[in-house]
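Asker: A single structure is presented below for examination.
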Amino acid sequence: MSPLEQFKPEKDFFIGIDSDGCVFDTMEVKHKEFFCPNTVKYFGLFAIAKYVRETWDFVNLYSVTRGINRFPALIRVMELLALRPEVVETGITLPDMEPLREWVSQETRLGNPAFSRYVEHHPHPALEQVLLWTLAINEDIARWLRNTPPFTYARRAIEKISMAADAIVVSQTPLEALTREWKEHSIDGFVKAIAGQEQGTKSEHIAMAATGRYPHDRILMIGDAPGDLKAATDNGALFFPVVPGQENMSWKLFHDEALERFLSGTYRGEYEERLIDEFRLSLPEKPKW
């Protein structure tokens with residue numbers, strides 16, 4: 001049984017909190033300085049590097065797929081690149097994503113440990129290249145990424161949350177990176193558990209830790225991506241959006257107003273719907289190119 005399944009309530013309320021791009025201003029730097037450069041390098045896409053950057057950023061940062069796990073993100077990026085006339089005109093051969101697509105379709109714990117085991121038992125050149133890529137990303141982030149503190153009001157809000165609710169980190173970032181970042185900035189003590197991609201999807205995290213242990217109106221997910229909203233919806237929980245580009249304002253609103261509404265039972269309804277509508281407007285479905 002996983003630690004999440006053994007989770008024991010201590011307070012009457014539960015709050016799940018996403019990490020990258022939500023608590024920490026790390027999402028853009030991770031994608032622009034680590035994920036995308038390694039994608040260009042490991043798949044030999046230097047001839048179309050400009051379009052890879054545009055497409056990678058759209059899929060992972062500036063659209064409805066913001067916050068998607070790295071493996072389906074890689075598949076989606078290659079799908080969109082294949083549709084771009086500028087890429088087609090170069091005659092470049094894009095990497096074969098079908099073997100990866102097959103694994104993604106049958107696995108919910110989309111992390112390096114599960115992928116490494118799969119590649120070991122299903123050897124394929126395309127999968128082996130993806131494995132090199134994903135391991136390199138983790139190694140580079142662990143080696144270089146430092147001094148990226150939480151948004152100012154995120155720290156204040158999380159400390160306030162810890163006094164009123166059982167809180168856990170709900171993320172698709174690898175557990176090692178999550179633990180390191182939360183410890184580095186001394187906020188790990190405000191949460192009861194840290195769940196990463198190795199523990200399953202965000203929906204599964206909430207289901208294991210909160211569903212059946214708290215009333216639906218006392219379960220809240222805080223996040224900056226549609227996947228966070230889906231995790232809340234899948235579990236009949238409430239959702240507070242941290243709007244991309246307005247992170248500190250969002251956290252200030254939560255600290256000053258939304259948390260009290262959640263605790264007093266006046267969050268669900270018109271108030272939550274208005275926040276979600278504003279959030280959805282910030283993330284388009286289709287690229288401009």
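A note on labels: chains of the structure tokens are A, B, ... as shown, every chain counts residues from 1, and ligands are counted from 1 in their shown order.
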Which neighbours of range 165-182 of chain A fall inside 8 Å, counting only C-alpha atoms, when residues of the same chain fewer than 6 positions from it are skipped, and could you give them as a PyMOL selection string?
Answerer: chain A and resi 9-20+68-69+111+142+188+190-198+201-202+205-206
Asker: Write out as a tab-separated table (two decimals) with C-alpha atoms, in the first residue's frame all residues of range 48-227 of chain A that backbone DSSP assigns to strand (DSSP E or B).
Answerer:
chain	number	residue	atom	x	y	z
A	150	PRO	CA	8.37	30.14	-4.33
A	166	ASP	CA	-4.17	18.69	5.56
A	167	ALA	CA	-2.06	19.61	2.54
A	168	ILE	CA	-0.04	17.50	0.11
A	169	VAL	CA	1.94	18.24	-3.04
A	170	VAL	CA	0.15	16.86	-6.12
A	193	ALA	CA	3.14	14.33	1.82
A	194	ILE	CA	4.79	14.98	-1.54
A	195	ALA	CA	3.46	13.00	-4.52
A	211	THR	CA	-11.59	10.63	-1.56
A	214	TYR	CA	-13.19	14.13	3.48
A	219	ILE	CA	-11.34	18.88	-0.84
A	220	LEU	CA	-9.59	21.57	-2.92
A	221	MET	CA	-6.92	21.39	-5.63
A	222	ILE	CA	-4.70	24.41	-6.34
A	223	GLY	CA	-3.01	24.45	-9.74
Asker: Given the choices A:Leu110, A:Cys22, A:Leu238, A:Met163, which gets closest to Tyr267 in chain A if the distance is worked out from only C-alpha atoms?
Answerer: A:Leu238
Asker: Determine which residues of range 10-56 of chain A receive a DSSP assignment of helix (DSSP H, G or I), computed from the backbone, and state them as a PyMOL selection string.
Answerer: chain A and resi 27-42+46-56
Asker: Store the residues picked out above in a file with N, CA and C atoms, as a PDB file, in the first residue's frame.
Answerer:
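File written: result20.pdb
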ATOM      1  N   MET A  27       8.584  26.659 -13.987  1.00  0.00           N
ATOM      2  CA  MET A  27       8.049  25.953 -15.142  1.00  0.00           C
ATOM      3  C   MET A  27       8.678  26.455 -16.450  1.00  0.00           C
ATOM      4  N   GLU A  28       8.730  27.776 -16.616  1.00  0.00           N
ATOM      5  CA  GLU A  28       9.299  28.318 -17.847  1.00  0.00           C
ATOM      6  C   GLU A  28      10.779  27.984 -17.963  1.00  0.00           C
ATOM      7  N   VAL A  29      11.524  28.165 -16.878  1.00  0.00           N
ATOM      8  CA  VAL A  29      12.958  27.913 -16.968  1.00  0.00           C
ATOM      9  C   VAL A  29      13.240  26.436 -17.226  1.00  0.00           C
ATOM     10  N   LYS A  30      12.486  25.538 -16.630  1.00  0.00           N
ATOM     11  CA  LYS A  30      12.712  24.110 -16.869  1.00  0.00           C
ATOM     12  C   LYS A  30      12.458  23.751 -18.327  1.00  0.00           C
ATOM     13  N   HIS A  31      11.360  24.269 -18.876  1.00  0.00           N
ATOM     14  CA  HIS A  31      11.040  23.910 -20.261  1.00  0.00           C
ATOM     15  C   HIS A  31      11.973  24.592 -21.255  1.00  0.00           C
ATOM     16  N   LYS A  32      12.281  25.866 -21.020  1.00  0.00           N
ATOM     17  CA  LYS A  32      13.078  26.607 -22.002  1.00  0.00           C
ATOM     18  C   LYS A  32      14.571  26.318 -21.913  1.00  0.00           C
ATOM     19  N   GLU A  33      15.058  25.981 -20.722  1.00  0.00           N
ATOM     20  CA  GLU A  33      16.494  25.767 -20.555  1.00  0.00           C
ATOM     21  C   GLU A  33      16.899  24.297 -20.467  1.00  0.00           C
ATOM     22  N   PHE A  34      15.951  23.409 -20.207  1.00  0.00           N
ATOM     23  CA  PHE A  34      16.297  21.991 -20.027  1.00  0.00           C
ATOM     24  C   PHE A  34      15.513  21.065 -20.959  1.00  0.00           C
ATOM     25  N   PHE A  35      14.190  21.132 -20.917  1.00  0.00           N
ATOM     26  CA  PHE A  35      13.387  20.215 -21.734  1.00  0.00           C
ATOM     27  C   PHE A  35      13.601  20.447 -23.226  1.00  0.00           C
ATOM     28  N   CYS A  36      13.376  21.673 -23.681  1.00  0.00           N
ATOM     29  CA  CYS A  36      13.453  21.923 -25.120  1.00  0.00           C
ATOM     30  C   CYS A  36      14.862  21.751 -25.683  1.00  0.00           C
ATOM     31  N   PRO A  37      15.910  22.309 -25.059  1.00  0.00           N
ATOM     32  CA  PRO A  37      17.256  22.087 -25.601  1.00  0.00           C
ATOM     33  C   PRO A  37      17.635  20.613 -25.704  1.00  0.00           C
ATOM     34  N   ASN A  38      17.236  19.813 -24.724  1.00  0.00           N
ATOM     35  CA  ASN A  38      17.529  18.381 -24.801  1.00  0.00           C
ATOM     36  C   ASN A  38      16.712  17.691 -25.882  1.00  0.00           C
ATOM     37  N   THR A  39      15.517  18.202 -26.155  1.00  0.00           N
ATOM     38  CA  THR A  39      14.706  17.649 -27.242  1.00  0.00           C
ATOM     39  C   THR A  39      15.392  17.886 -28.579  1.00  0.00           C
ATOM     40  N   VAL A  40      15.888  19.093 -28.785  1.00  0.00           N
ATOM     41  CA  VAL A  40      16.619  19.408 -30.018  1.00  0.00           C
ATOM     42  C   VAL A  40      17.862  18.533 -30.135  1.00  0.00           C
ATOM     43  N   LYS A  41      18.589  18.406 -29.046  1.00  0.00           N
ATOM     44  CA  LYS A  41      19.870  17.688 -29.064  1.00  0.00           C
ATOM     45  C   LYS A  41      19.696  16.185 -29.245  1.00  0.00           C
ATOM     46  N   TYR A  42      18.839  15.567 -28.443  1.00  0.00           N
ATOM     47  CA  TYR A  42      18.743  14.105 -28.444  1.00  0.00           C
ATOM     48  C   TYR A  42      17.994  13.539 -29.646  1.00  0.00           C
ATOM     49  N   PHE A  46      18.251  20.114 -34.886  1.00  0.00           N
ATOM     50  CA  PHE A  46      18.873  21.435 -34.970  1.00  0.00           C
ATOM     51  C   PHE A  46      18.388  22.229 -36.180  1.00  0.00           C
ATOM     52  N   ALA A  47      18.084  21.542 -37.276  1.00  0.00           N
ATOM     53  CA  ALA A  47      17.649  22.234 -38.493  1.00  0.00           C
ATOM     54  C   ALA A  47      16.305  22.928 -38.321  1.00  0.00           C
ATOM     55  N   ILE A  48      15.515  22.470 -37.357  1.00  0.00           N
ATOM     56  CA  ILE A  48      14.198  23.081 -37.124  1.00  0.00           C
ATOM     57  C   ILE A  48      14.075  23.556 -35.675  1.00  0.00           C
ATOM     58  N   ALA A  49      15.214  23.905 -35.069  1.00  0.00           N
ATOM     59  CA  ALA A  49      15.220  24.265 -33.647  1.00  0.00           C
ATOM     60  C   ALA A  49      14.245  25.392 -33.330  1.00  0.00           C
ATOM     61  N   LYS A  50      14.135  26.371 -34.216  1.00  0.00           N
ATOM     62  CA  LYS A  50      13.213  27.493 -33.987  1.00  0.00           C
ATOM     63  C   LYS A  50      11.780  27.001 -33.826  1.00  0.00           C
ATOM     64  N   TYR A  51      11.379  26.092 -34.685  1.00  0.00           N
ATOM     65  CA  TYR A  51       9.996  25.594 -34.653  1.00  0.00           C
ATOM     66  C   TYR A  51       9.779  24.624 -33.492  1.00  0.00           C
ATOM     67  N   VAL A  52      10.829  23.901 -33.137  1.00  0.00           N
ATOM     68  CA  VAL A  52      10.732  23.030 -31.958  1.00  0.00           C
ATOM     69  C   VAL A  52      10.478  23.880 -30.722  1.00  0.00           C
ATOM     70  N   ARG A  53      11.206  24.990 -30.590  1.00  0.00           N
ATOM     71  CA  ARG A  53      11.024  25.871 -29.426  1.00  0.00           C
ATOM     72  C   ARG A  53       9.610  26.430 -29.370  1.00  0.00           C
ATOM     73  N   GLU A  54       9.128  26.937 -30.493  1.00  0.00           N
ATOM     74  CA  GLU A  54       7.771  27.492 -30.533  1.00  0.00           C
ATOM     75  C   GLU A  54       6.736  26.440 -30.157  1.00  0.00           C
ATOM     76  N   THR A  55       6.892  25.265 -30.726  1.00  0.00           N
ATOM     77  CA  THR A  55       5.916  24.200 -30.518  1.00  0.00           C
ATOM     78  C   THR A  55       5.999  23.652 -29.100  1.00  0.00           C
ATOM     79  N   TRP A  56       7.209  23.471 -28.610  1.00  0.00           N
ATOM     80  CA  TRP A  56       7.377  22.966 -27.243  1.00  0.00           C
ATOM     81  C   TRP A  56       6.752  23.927 -26.229  1.00  0.00           C
TER      82      TRP A  56
END
Asker: Neighbouring residues of Tyr62 in chain A were defined as those with any atom within 9 Å, considering only C-alpha atoms; residues of the same chain fewer than 4 positions away were excluded. Please report them as a PyMOL selection string.
Answerer: chain A and resi 57-58+66+244+282-284+287
Asker: Keeping only N, CA and C atoms, write the selected residues to a file as a compact mmCIF listing (two decimals), in the first residue's frame.
Answerer:
# COMPACT_ATOMS: atom_id res chain seq x y z
N ASP A 57 7.02 25.21 -26.41
CA ASP A 57 6.48 26.20 -25.46
C ASP A 57 4.96 26.26 -25.53
N PHE A 58 4.41 26.15 -26.73
CA PHE A 58 2.95 26.18 -26.86
C PHE A 58 2.32 25.00 -26.13
N ARG A 66 -0.91 22.87 -21.03
CA ARG A 66 0.09 23.32 -20.05
C ARG A 66 0.15 22.33 -18.88
N PRO A 244 -1.58 31.56 -15.10
CA PRO A 244 -0.25 31.79 -15.65
C PRO A 244 -0.03 33.26 -15.98
N SER A 282 -7.14 32.19 -20.29
CA SER A 282 -5.70 32.45 -20.36
C SER A 282 -4.93 31.40 -21.15
N LEU A 283 -5.59 30.28 -21.50
CA LEU A 283 -4.89 29.18 -22.17
C LEU A 283 -5.64 28.75 -23.43
N PRO A 284 -5.16 29.13 -24.63
CA PRO A 284 -5.84 28.79 -25.88
C PRO A 284 -5.70 27.31 -26.25
N PRO A 287 -2.70 26.83 -31.71
CA PRO A 287 -1.58 27.76 -31.88
C PRO A 287 -1.89 28.82 -32.93
Asker: Determine the nearest neighbour of Asp25 in chain A from the options A:Phe254, A:Phe151, A:Phe262, A:Trp144, counting only C-alpha atoms.
Answerer: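 Of the candidates, the smallest distance to Asp25 in chain A is held by A:Phe151.
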Asker: Have a look at A:Lys230, A:Arg101, A:Arg109, A:Arg213 and name the one nearest to Leu127 in chain A; count only C-alpha atoms.
Answerer: A:Arg101
Asker: When distances are computed from only C-alpha atoms, which of A:His185, A:Asn112, A:Phe279, A:Phe7 shows the smallest separation from Gly245 in chain A?
Answerer: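 Of A:His185, A:Asn112, A:Phe279, A:Phe7, the one nearest Gly245 in chain A, counting only C-alpha atoms, is A:Phe279.
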Asker: Residues near Val88 in chain A, anyone? I mean within 12 Å using only C-alpha atoms, not counting same-chain ones fewer than 5 positions away, as an MDAnalysis selection string.
Answerer: chainID A and resid 47:48 51 78:83 93:94
Asker: Hey, can you spit out that residue selection with C-alpha atoms as a tab-separated table (two decimals), in the first residue's frame?
Answerer:
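File result-v1.tsv, as written:
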chain	number	residue	atom	x	y	z
A	47	ALA	CA	17.65	22.23	-38.49
A	48	ILE	CA	14.20	23.08	-37.12
A	51	TYR	CA	10.00	25.59	-34.65
A	78	MET	CA	6.06	15.84	-32.71
A	79	GLU	CA	2.45	15.65	-33.94
A	80	LEU	CA	2.25	19.42	-34.26
A	81	LEU	CA	5.68	19.70	-35.87
A	82	ALA	CA	4.61	17.18	-38.52
A	83	LEU	CA	1.74	19.52	-39.44
A	93	THR	CA	12.63	13.09	-40.48
A	94	LEU	CA	10.91	13.42	-37.12
Asker: Tell me, as a ChimeraX atom specification, which residues lie within 12 Å of Glu257 in chain A, counting only C-alpha atoms; anything in the same chain fewer than 6 positions away does not count.
Answerer: /A:157,160,240,249-251,263-264,266-267,271
Asker: Put those residues in a file: N, CA and C atoms, as a CSV table (one decimal), in the first residue's frame.
Answerer:
chain,number,residue,atom,x,y,z
A,157,ALA,N,0.6,31.8,1.7
A,157,ALA,CA,-0.6,31.1,1.6
A,157,ALA,C,-0.5,29.6,2.1
A,160,LYS,N,-0.3,29.4,5.8
A,160,LYS,CA,-1.7,29.6,6.3
A,160,LYS,C,-2.5,28.4,6.1
A,240,PHE,N,-9.0,25.8,-7.3
A,240,PHE,CA,-8.5,27.2,-7.3
A,240,PHE,C,-7.4,27.4,-8.3
A,249,MET,N,-0.6,37.4,-7.9
A,249,MET,CA,-1.9,38.0,-7.7
A,249,MET,C,-2.9,36.9,-7.3
A,250,SER,N,-2.8,35.7,-8.0
A,250,SER,CA,-3.6,34.6,-7.7
A,250,SER,C,-3.4,34.1,-6.2
A,251,TRP,N,-2.2,34.0,-5.8
A,251,TRP,CA,-1.9,33.5,-4.5
A,251,TRP,C,-2.3,34.5,-3.4
A,263,LEU,N,-13.0,27.4,3.6
A,263,LEU,CA,-13.2,26.9,5.0
A,263,LEU,C,-14.6,27.2,5.5
A,264,SER,N,-15.2,28.2,5.0
A,264,SER,CA,-16.6,28.6,5.5
A,264,SER,C,-17.7,28.0,4.6
A,266,THR,N,-18.4,28.5,1.4
A,266,THR,CA,-19.0,29.5,0.4
A,266,THR,C,-18.2,29.6,-0.9
A,267,TYR,N,-17.3,28.6,-1.1
A,267,TYR,CA,-16.5,28.6,-2.3
A,267,TYR,C,-17.1,28.1,-3.6
A,271,TYR,N,-18.7,31.9,-7.3
A,271,TYR,CA,-17.3,32.3,-7.0
A,271,TYR,C,-16.3,31.4,-7.7
Asker: Could you list, as a VMD selection string, every residue within 7 Å of Ser203 in chain A, counting only C-alpha atoms and ignoring same-chain residues fewer than 4 positions away?
Answerer: chain A and resid 207 231 to 232 234 to 235
Asker: So what do you get for CA of Gln246 in chain A versus CA of Arg280 in chain A, distance-wise?
Answerer: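 We find that CA of Gln246 in chain A and CA of Arg280 in chain A lie 13.3 Å from each other.
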Asker: Just to confirm, what's the straight-line distance from CA of Leu259 in chain A to CA of Ile161 in chain A in Å (one decimal)?
Answerer: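 Computing it gives 7.7 Å between the two atoms.
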Asker: Using only C-alpha atoms, which protein or nucleic acid residues come within 12 Å of range 105-107 of chain A? Drop anything in the same chain fewer than 5 positions from it, and give the result as a VMD selection string.
Answerer: chain A and resid 71 to 72 75 98 to 100 112 to 115 117 to 118 197 to 201
